[in-house]
Amino acid sequence: MGTTNAESSPRPLGVGVVGLGWMGRLHASSYRGLAARYPELGLAPRLVCAADPLPDNQRAARAQFGFERAVDDVAEMLADPEVDVVSIATPNFLHRDVALAAARAGKPFWIEKPMGVDAAQSREIHEAARAAGVATAVGFNYRHAPAVENLRALVAAGRLGRITNVRCWLYADYASSPDGPLTWRYDRSRAGAGVIGDLLSHGADLVQYVTGQGIAEVSAATDVFLRERPIPTSAGVGHGAVEVGTERGAVGNEDWVAALATLADGTRATLESSRVARGHRSDYALEVYGTEGSARWSFTRMNEFEVMIGDGGLEHGYTTVLAGAGHGDYGRFQPGPGIPMSFDDLKAIECAQFLTDVVGGVGGVDDGARSGAAPNTADGLSAAEVTEAIVRSASSRSWVDVPQVEGPTWGA
């Protein structure tokens with residue numbers, strides 16, 4: 001990451017956050033803790049304004065997180081000259097309008113994934129950011145795990161030989177109860193393709209980031225296992241915590257997906273995701289296989305990875321490595337191996353990468369090369385093109401080509 005003179009007075013940076021649910025609150029916490037973890041940036045983020053329609057979230061923004069103001073009008077927040085950067089942590093169907101407005105206002109933005117409800121919306125966001133020349137970040141936080149960063153380094157250095165195949169799965173059970181409320185997450189017009197955009201977009205990003213190769217074609221199958229859910233009778237925050245009635249409605253997007261993929265260099269990959277896999281709370285994993293060895297990582301044991309290189313004779317097999325200094329940004333958070341980092345720390349890394357690009361003047365992706373530290377809108381569009389190709393493949397029961405995107409950071 002780029003550095004500034006941290007010995008001088010820290011540079012204030014006004015922050016606006018749109019959406020104060022779980023993820024918006026995590027963004028706010030990441031900004032507040034930046035100076036302690038990344039002092040060399042010489043930045044002092046200031047929580048200026050939160051925009052959220054729920055009065056309880058507005059009160060929390062001020063009382064719990066220290067925002068100077070909280071409003072229900074996004075346009076009012078974007079018009080504030082004291083807001084220098086914006087976080088977009090709203091439900092998916094609001095992403096495009098907020099991102100386009102932020103780009104028009106010349107505000108760099110950090111947006112959660114999936115960027116839009118489909119590839120067309122994601123393309124609009126990407127092109128608006130390019131045209132405005134603003135720095136962007138997209139919430140592909142799992143790539144920031146120190147173990148994942150080291151898997152990428154092993155591949156790039158050729159330690160695993162020629163990569164032959166990759167396996168990635170993201171299993172969860174947050175939607176496994178048939179009595180879970182029929183929120184916006186199950187509406188195709190507001191959430192897109194269900195678990196494909198929600199979880200498998202992370203898988204597409206991980207595969208492309210770690211291998212440095214784009215996904216070129218896919219063949220997929222999808223299904224909806226829980227076809228009806230109770231209709232909510234009250235508003236809520238996050239995945240649940242809403243009241244429901246006796247009336248039920250139809251689920252409009254996917255519960256499960258499995259895909260075969262071919263990468264640009266011919267490497268094979270398998271990707272699978274489910275939001276209804278009972279017992280799997282957040283079981284996200286990546287395995288990379290090569291001619292000289294292999295490595296694997298699981299989010300359930302985020303702070304370690306397994307690696308096998310060469311022929312170990314009678315001891316042939318995986319060695320477990322605890323993340324430590326030299327693996328990604330681990331040393332920013334803990335003094336030595338064996339002390340766990342958290343999910344929240346991955347968002348703190350993402351925040352630092354975003355602000356590194358902001359102060360470094362990174363904006364737009366014009367030459368097809370890596371443009372900055374953070375995963376940006378090119379990465380968001382690339383994942384959206386993969387997930388949309390998966391939807392088309394499942395519908396047509398055929399192999400589908402994935403359009404390639406100019407300038408995603410996974411290609412650096």
# chains A, B, ... in the order shown; residues from 1 in each chain; ligands from 1
call {"tool": "residues_around", "arguments": {"residues": "Val85 of chain A", "least_positions_apart": "3", "cutoff": "10 Å", "atoms": "only C-alpha atoms", "output": "PyMOL selection string"}}
result
chain A and resi 13-17+45+78+82+102+106-110+134-136+354-355+358
call {"tool": "residues_around", "arguments": {"residues": "Ala132 of chain A", "least_positions_apart": "3", "cutoff": "7 Å", "atoms": "only C-alpha atoms", "output": "JSON, numbers by chain"}}
result
{"A": [103, 104, 106, 128, 129]}
call {"tool": "write_last_selection", "arguments": {"atoms": "N, CA, C and O atoms", "output": "mmCIF file, in the first residue's frame"}}
result
data_model
loop_
_atom_site.group_PDB
_atom_site.id
_atom_site.type_symbol
_atom_site.label_atom_id
_atom_site.label_comp_id
_atom_site.auth_asym_id
_atom_site.auth_seq_id
_atom_site.Cartn_x
_atom_site.Cartn_y
_atom_site.Cartn_z
ATOM 1 N N ALA A 103 -21.060 8.466 -8.031
ATOM 2 C CA ALA A 103 -20.142 8.761 -9.135
ATOM 3 C C ALA A 103 -20.411 10.146 -9.707
ATOM 4 O O ALA A 103 -19.474 10.919 -9.978
ATOM 5 N N ARG A 104 -21.689 10.492 -9.897
ATOM 6 C CA ARG A 104 -22.025 11.825 -10.411
ATOM 7 C C ARG A 104 -21.538 12.923 -9.472
ATOM 8 O O ARG A 104 -21.144 14.010 -9.915
ATOM 9 N N GLY A 106 -18.915 12.745 -7.770
ATOM 10 C CA GLY A 106 -17.454 12.689 -7.685
ATOM 11 C C GLY A 106 -16.941 12.088 -6.396
ATOM 12 O O GLY A 106 -15.806 12.362 -5.987
ATOM 13 N N ALA A 128 -19.887 4.039 -14.823
ATOM 14 C CA ALA A 128 -20.044 5.344 -14.179
ATOM 15 C C ALA A 128 -18.806 5.695 -13.358
ATOM 16 O O ALA A 128 -18.347 6.850 -13.362
ATOM 17 N N ALA A 129 -18.250 4.712 -12.654
ATOM 18 C CA ALA A 129 -17.050 4.961 -11.862
ATOM 19 C C ALA A 129 -15.865 5.302 -12.752
ATOM 20 O O ALA A 129 -15.069 6.211 -12.446
#
call {"tool": "closest_atom_pairs", "arguments": {"of": "segment 43-147 of chain A", "to": "segment 390-404 of chain A", "cutoff": "12 Å", "atoms": "only C-alpha atoms", "output": "CSV"}}
result
residue,atom,partner,partner_atom,distance
A:Asp118,CA,A:Val391,CA,10.3
A:Ala119,CA,A:Pro403,CA,10.3
A:Arg123,CA,A:Pro403,CA,11.6
call {"tool": "closest_residue", "arguments": {"among": "A:Thr300, A:Ser122, A:Thr246, A:Thr319", "to": "Tyr284 of chain A", "atoms": "only C-alpha atoms"}}
result
A:Thr300
call {"tool": "select_by_dssp", "arguments": {"residues": "segment 192-279 of chain A", "states": "alpha helix (DSSP H)", "output": "VMD selection string"}}
result
chain A and resid 195 201 to 211
call {"tool": "closest_atom_pairs", "arguments": {"of": "segment 290-327 of chain A", "to": "segment 155-172 of chain A", "cutoff": "8 Å", "atoms": "only C-alpha atoms", "output": "JSON lines"}}
result
{"residue": "A:Gly290", "atom": "CA", "partner": "A:Ile163", "partner_atom": "CA", "distance": 4.0}
{"residue": "A:Thr291", "atom": "CA", "partner": "A:Gly161", "partner_atom": "CA", "distance": 4.9}
{"residue": "A:Glu292", "atom": "CA", "partner": "A:Gly161", "partner_atom": "CA", "distance": 4.6}
{"residue": "A:Gly293", "atom": "CA", "partner": "A:Leu160", "partner_atom": "CA", "distance": 4.6}
{"residue": "A:Ser294", "atom": "CA", "partner": "A:Leu160", "partner_atom": "CA", "distance": 5.9}
{"residue": "A:Ile309", "atom": "CA", "partner": "A:Leu160", "partner_atom": "CA", "distance": 6.5}
call {"tool": "closest_residue", "arguments": {"among": "A:Gly180, A:Gly380, A:Gly194, A:Gly338", "to": "Phe305 of chain A", "atoms": "only C-alpha atoms"}}
result
A:Gly338
call {"tool": "atom_distance", "arguments": {"atom1": "atom CA of Glu217 of chain A", "atom2": "atom CA of Val288 of chain A"}}
result
18.5 Å
call {"tool": "residues_around", "arguments": {"residues": "Ala50 of chain A", "least_positions_apart": "3", "cutoff": "7 Å", "atoms": "only C-alpha atoms", "output": "ChimeraX atom specification"}}
result
/A:16-18,61,67,69-71
call {"tool": "closest_residue", "arguments": {"among": "A:Ala216, A:Val251, A:Ala99, A:Val307", "to": "Ala193 of chain A", "atoms": "only C-alpha atoms"}}
result
A:Val251
call {"tool": "residues_around", "arguments": {"residues": "Asp52 of chain A", "least_positions_apart": "4", "cutoff": "7 Å", "atoms": "only C-alpha atoms", "output": "count of residues only"}}
result
7
call {"tool": "residues_around", "arguments": {"residues": "Ile231 of chain A", "least_positions_apart": "6", "cutoff": "7 Å", "atoms": "only C-alpha atoms", "output": "short mmCIF file (atom, residue, chain, number, x, y, z; two decimals) with N, CA and C atoms, in the first residue's frame"}}
result
data_model
loop_
_atom_site.label_atom_id
_atom_site.label_comp_id
_atom_site.auth_asym_id
_atom_site.auth_seq_id
_atom_site.Cartn_x
_atom_site.Cartn_y
_atom_site.Cartn_z
N PRO A 181 -38.43 -15.71 7.00
CA PRO A 181 -39.29 -14.73 6.32
C PRO A 181 -38.92 -14.51 4.86
N LEU A 182 -39.94 -14.24 4.06
CA LEU A 182 -39.78 -13.97 2.63
C LEU A 182 -39.36 -12.49 2.46
N VAL A 244 -43.52 -12.31 11.07
CA VAL A 244 -44.18 -12.88 9.90
C VAL A 244 -45.63 -13.21 10.24
N GLY A 245 -46.46 -13.31 9.19
CA GLY A 245 -47.85 -13.71 9.36
C GLY A 245 -48.05 -15.14 8.90
N GLU A 247 -49.67 -15.92 6.03
CA GLU A 247 -49.68 -15.98 4.57
C GLU A 247 -48.27 -16.27 4.05
N ARG A 248 -48.18 -17.08 3.00
CA ARG A 248 -46.89 -17.46 2.43
C ARG A 248 -46.83 -17.00 0.98
N GLY A 249 -45.58 -16.79 0.51
CA GLY A 249 -45.38 -16.36 -0.86
C GLY A 249 -44.28 -17.17 -1.52
#
call {"tool": "residues_around", "arguments": {"residues": "Phe65 of chain A", "least_positions_apart": "3", "cutoff": "8 Å", "atoms": "only C-alpha atoms", "output": "list in words"}}
result
Arg25, Ala28, Ser29, Ala60, Ala61 and Arg62 of chain A
call {"tool": "write_last_selection", "arguments": {"atoms": "C-alpha atoms", "output": "short mmCIF file (atom, residue, chain, number, x, y, z; two decimals), in the first residue's frame"}}
result
data_model
loop_
_atom_site.label_atom_id
_atom_site.label_comp_id
_atom_site.auth_asym_id
_atom_site.auth_seq_id
_atom_site.Cartn_x
_atom_site.Cartn_y
_atom_site.Cartn_z
CA ARG A 25 -22.07 -0.81 10.88
CA ALA A 28 -18.27 2.37 10.13
CA SER A 29 -16.18 0.37 12.62
CA ALA A 60 -27.54 3.87 16.46
CA ALA A 61 -25.42 5.74 13.92
CA ARG A 62 -25.15 8.73 16.22
#
call {"tool": "select_by_dssp", "arguments": {"residues": "segment 92-334 of chain A", "states": "strand (DSSP E)", "output": "VMD selection string"}}
result
chain A and resid 109 to 111 136 to 138 163 to 172 215 to 223 228 to 232 244 to 250 256 to 263 268 to 274 282 to 290 293 to 298 304 to 309 319 to 322
call {"tool": "residues_around", "arguments": {"residues": "Gly214 of chain A", "least_positions_apart": "3", "cutoff": "9 Å", "atoms": "only C-alpha atoms", "output": "MDAnalysis selection string"}}
result
chainID A and resid 204 207:209 211 262:265 382 402 404:405 410:411
call {"tool": "write_last_selection", "arguments": {"atoms": "all heavy atoms", "output": "mmCIF file, in the first residue's frame"}}
result
data_model
loop_
_atom_site.group_PDB
_atom_site.id
_atom_site.type_symbol
_atom_site.label_atom_id
_atom_site.label_comp_id
_atom_site.auth_asym_id
_atom_site.auth_seq_id
_atom_site.Cartn_x
_atom_site.Cartn_y
_atom_site.Cartn_z
ATOM 1 N N ALA A 204 -16.429 -16.936 -7.342
ATOM 2 C CA ALA A 204 -15.865 -16.506 -8.620
ATOM 3 C C ALA A 204 -14.678 -15.587 -8.397
ATOM 4 O O ALA A 204 -13.637 -15.699 -9.066
ATOM 5 C CB ALA A 204 -16.943 -15.808 -9.452
ATOM 6 N N VAL A 207 -11.574 -17.669 -6.977
ATOM 7 C CA VAL A 207 -10.918 -18.484 -8.004
ATOM 8 C C VAL A 207 -10.092 -17.606 -8.937
ATOM 9 O O VAL A 207 -8.932 -17.914 -9.247
ATOM 10 C CB VAL A 207 -11.963 -19.309 -8.783
ATOM 11 C CG1 VAL A 207 -11.344 -19.923 -10.034
ATOM 12 C CG2 VAL A 207 -12.549 -20.398 -7.893
ATOM 13 N N GLN A 208 -10.665 -16.510 -9.386
ATOM 14 C CA GLN A 208 -9.952 -15.642 -10.320
ATOM 15 C C GLN A 208 -8.789 -14.925 -9.638
ATOM 16 O O GLN A 208 -7.717 -14.761 -10.222
ATOM 17 C CB GLN A 208 -10.930 -14.640 -10.942
ATOM 18 C CG GLN A 208 -11.978 -15.331 -11.803
ATOM 19 C CD GLN A 208 -12.893 -14.365 -12.536
ATOM 20 O OE1 GLN A 208 -13.143 -14.513 -13.728
ATOM 21 N NE2 GLN A 208 -13.422 -13.376 -11.834
ATOM 22 N N TYR A 209 -8.982 -14.496 -8.403
ATOM 23 C CA TYR A 209 -7.933 -13.766 -7.691
ATOM 24 C C TYR A 209 -6.738 -14.657 -7.396
ATOM 25 O O TYR A 209 -5.587 -14.267 -7.619
ATOM 26 C CB TYR A 209 -8.508 -13.194 -6.393
ATOM 27 C CG TYR A 209 -7.506 -12.395 -5.595
ATOM 28 C CD1 TYR A 209 -7.012 -11.181 -6.080
ATOM 29 C CD2 TYR A 209 -7.068 -12.835 -4.350
ATOM 30 C CE1 TYR A 209 -6.088 -10.445 -5.348
ATOM 31 C CE2 TYR A 209 -6.149 -12.097 -3.613
ATOM 32 C CZ TYR A 209 -5.670 -10.901 -4.111
ATOM 33 O OH TYR A 209 -4.759 -10.175 -3.382
ATOM 34 N N THR A 211 -5.847 -17.602 -8.783
ATOM 35 C CA THR A 211 -5.174 -18.159 -9.965
ATOM 36 C C THR A 211 -4.643 -17.079 -10.899
ATOM 37 O O THR A 211 -3.754 -17.356 -11.716
ATOM 38 C CB THR A 211 -6.120 -19.051 -10.777
ATOM 39 O OG1 THR A 211 -7.204 -18.259 -11.285
ATOM 40 C CG2 THR A 211 -6.662 -20.187 -9.914
ATOM 41 N N THR A 262 -14.159 -23.407 -16.932
ATOM 42 C CA THR A 262 -12.842 -23.439 -17.553
ATOM 43 C C THR A 262 -12.256 -22.046 -17.465
ATOM 44 O O THR A 262 -12.917 -21.058 -17.828
ATOM 45 C CB THR A 262 -12.928 -23.859 -19.029
ATOM 46 O OG1 THR A 262 -13.634 -25.094 -19.135
ATOM 47 C CG2 THR A 262 -11.534 -24.020 -19.612
ATOM 48 N N LEU A 263 -11.028 -21.930 -16.961
ATOM 49 C CA LEU A 263 -10.369 -20.642 -16.868
ATOM 50 C C LEU A 263 -9.689 -20.303 -18.188
ATOM 51 O O LEU A 263 -9.580 -21.149 -19.095
ATOM 52 C CB LEU A 263 -9.350 -20.637 -15.724
ATOM 53 C CG LEU A 263 -9.858 -21.090 -14.347
ATOM 54 C CD1 LEU A 263 -8.817 -20.786 -13.280
ATOM 55 C CD2 LEU A 263 -11.188 -20.463 -14.000
ATOM 56 N N ALA A 264 -9.234 -19.076 -18.306
ATOM 57 C CA ALA A 264 -8.685 -18.593 -19.568
ATOM 58 C C ALA A 264 -7.498 -19.419 -20.047
ATOM 59 O O ALA A 264 -7.275 -19.553 -21.252
ATOM 60 C CB ALA A 264 -8.291 -17.123 -19.433
ATOM 61 N N ASP A 265 -6.716 -19.992 -19.124
ATOM 62 C CA ASP A 265 -5.542 -20.781 -19.513
ATOM 63 C C ASP A 265 -5.848 -22.270 -19.599
ATOM 64 O O ASP A 265 -4.935 -23.085 -19.749
ATOM 65 C CB ASP A 265 -4.393 -20.533 -18.533
ATOM 66 C CG ASP A 265 -4.692 -21.053 -17.133
ATOM 67 O OD1 ASP A 265 -5.857 -21.408 -16.856
ATOM 68 O OD2 ASP A 265 -3.761 -21.092 -16.298
ATOM 69 N N SER A 382 -16.761 -8.382 -13.208
ATOM 70 C CA SER A 382 -16.273 -9.698 -13.623
ATOM 71 C C SER A 382 -17.043 -10.808 -12.919
ATOM 72 O O SER A 382 -17.491 -11.781 -13.547
ATOM 73 C CB SER A 382 -14.778 -9.821 -13.323
ATOM 74 O OG SER A 382 -14.295 -11.094 -13.685
ATOM 75 N N VAL A 402 -18.228 -16.692 -20.853
ATOM 76 C CA VAL A 402 -18.287 -15.574 -19.909
ATOM 77 C C VAL A 402 -17.605 -14.359 -20.538
ATOM 78 O O VAL A 402 -16.421 -14.426 -20.869
ATOM 79 C CB VAL A 402 -17.585 -15.922 -18.582
ATOM 80 C CG1 VAL A 402 -17.612 -14.731 -17.631
ATOM 81 C CG2 VAL A 402 -18.229 -17.148 -17.939
ATOM 82 N N GLN A 404 -15.402 -11.226 -20.933
ATOM 83 C CA GLN A 404 -14.261 -10.770 -20.149
ATOM 84 C C GLN A 404 -14.334 -9.262 -19.914
ATOM 85 O O GLN A 404 -14.829 -8.522 -20.751
ATOM 86 C CB GLN A 404 -12.953 -11.158 -20.820
ATOM 87 C CG GLN A 404 -12.763 -12.671 -20.940
ATOM 88 C CD GLN A 404 -12.843 -13.380 -19.604
ATOM 89 O OE1 GLN A 404 -11.940 -13.237 -18.761
ATOM 90 N NE2 GLN A 404 -13.899 -14.149 -19.363
ATOM 91 N N VAL A 405 -13.833 -8.826 -18.798
ATOM 92 C CA VAL A 405 -13.927 -7.433 -18.366
ATOM 93 C C VAL A 405 -12.553 -6.794 -18.389
ATOM 94 O O VAL A 405 -11.566 -7.405 -17.969
ATOM 95 C CB VAL A 405 -14.513 -7.364 -16.934
ATOM 96 C CG1 VAL A 405 -14.542 -5.929 -16.425
ATOM 97 C CG2 VAL A 405 -15.904 -7.964 -16.914
ATOM 98 N N TRP A 410 -7.758 -9.048 -10.399
ATOM 99 C CA TRP A 410 -7.273 -10.420 -10.299
ATOM 100 C C TRP A 410 -6.280 -10.745 -11.407
ATOM 101 O O TRP A 410 -5.513 -11.702 -11.309
ATOM 102 C CB TRP A 410 -8.416 -11.430 -10.299
ATOM 103 C CG TRP A 410 -9.407 -11.309 -11.418
ATOM 104 C CD1 TRP A 410 -10.651 -10.755 -11.332
ATOM 105 C CD2 TRP A 410 -9.246 -11.706 -12.788
ATOM 106 N NE1 TRP A 410 -11.274 -10.799 -12.550
ATOM 107 C CE2 TRP A 410 -10.436 -11.375 -13.473
ATOM 108 C CE3 TRP A 410 -8.214 -12.306 -13.494
ATOM 109 C CZ2 TRP A 410 -10.617 -11.621 -14.817
ATOM 110 C CZ3 TRP A 410 -8.396 -12.557 -14.848
ATOM 111 C CH2 TRP A 410 -9.581 -12.221 -15.500
ATOM 112 N N GLY A 411 -6.261 -9.952 -12.472
ATOM 113 C CA GLY A 411 -5.363 -10.241 -13.580
ATOM 114 C C GLY A 411 -3.963 -9.688 -13.410
ATOM 115 O O GLY A 411 -3.111 -9.876 -14.259
#
call {"tool": "closest_residue", "arguments": {"among": "A:Gly33, A:Gly372, A:Gly139, A:Pro114", "to": "Leu200 of chain A", "atoms": "only C-alpha atoms"}}
result
A:Pro114
call {"tool": "closest_residue", "arguments": {"among": "A:Ala348, A:Thr233, A:Ala285, A:Asp56", "to": "Ser30 of chain A", "atoms": "only C-alpha atoms"}}
result
A:Ala348
call {"tool": "closest_residue", "arguments": {"among": "A:Met341, A:Leu314, A:Ala79, A:Ala261", "to": "Gln213 of chain A", "atoms": "only C-alpha atoms"}}
result
A:Ala261
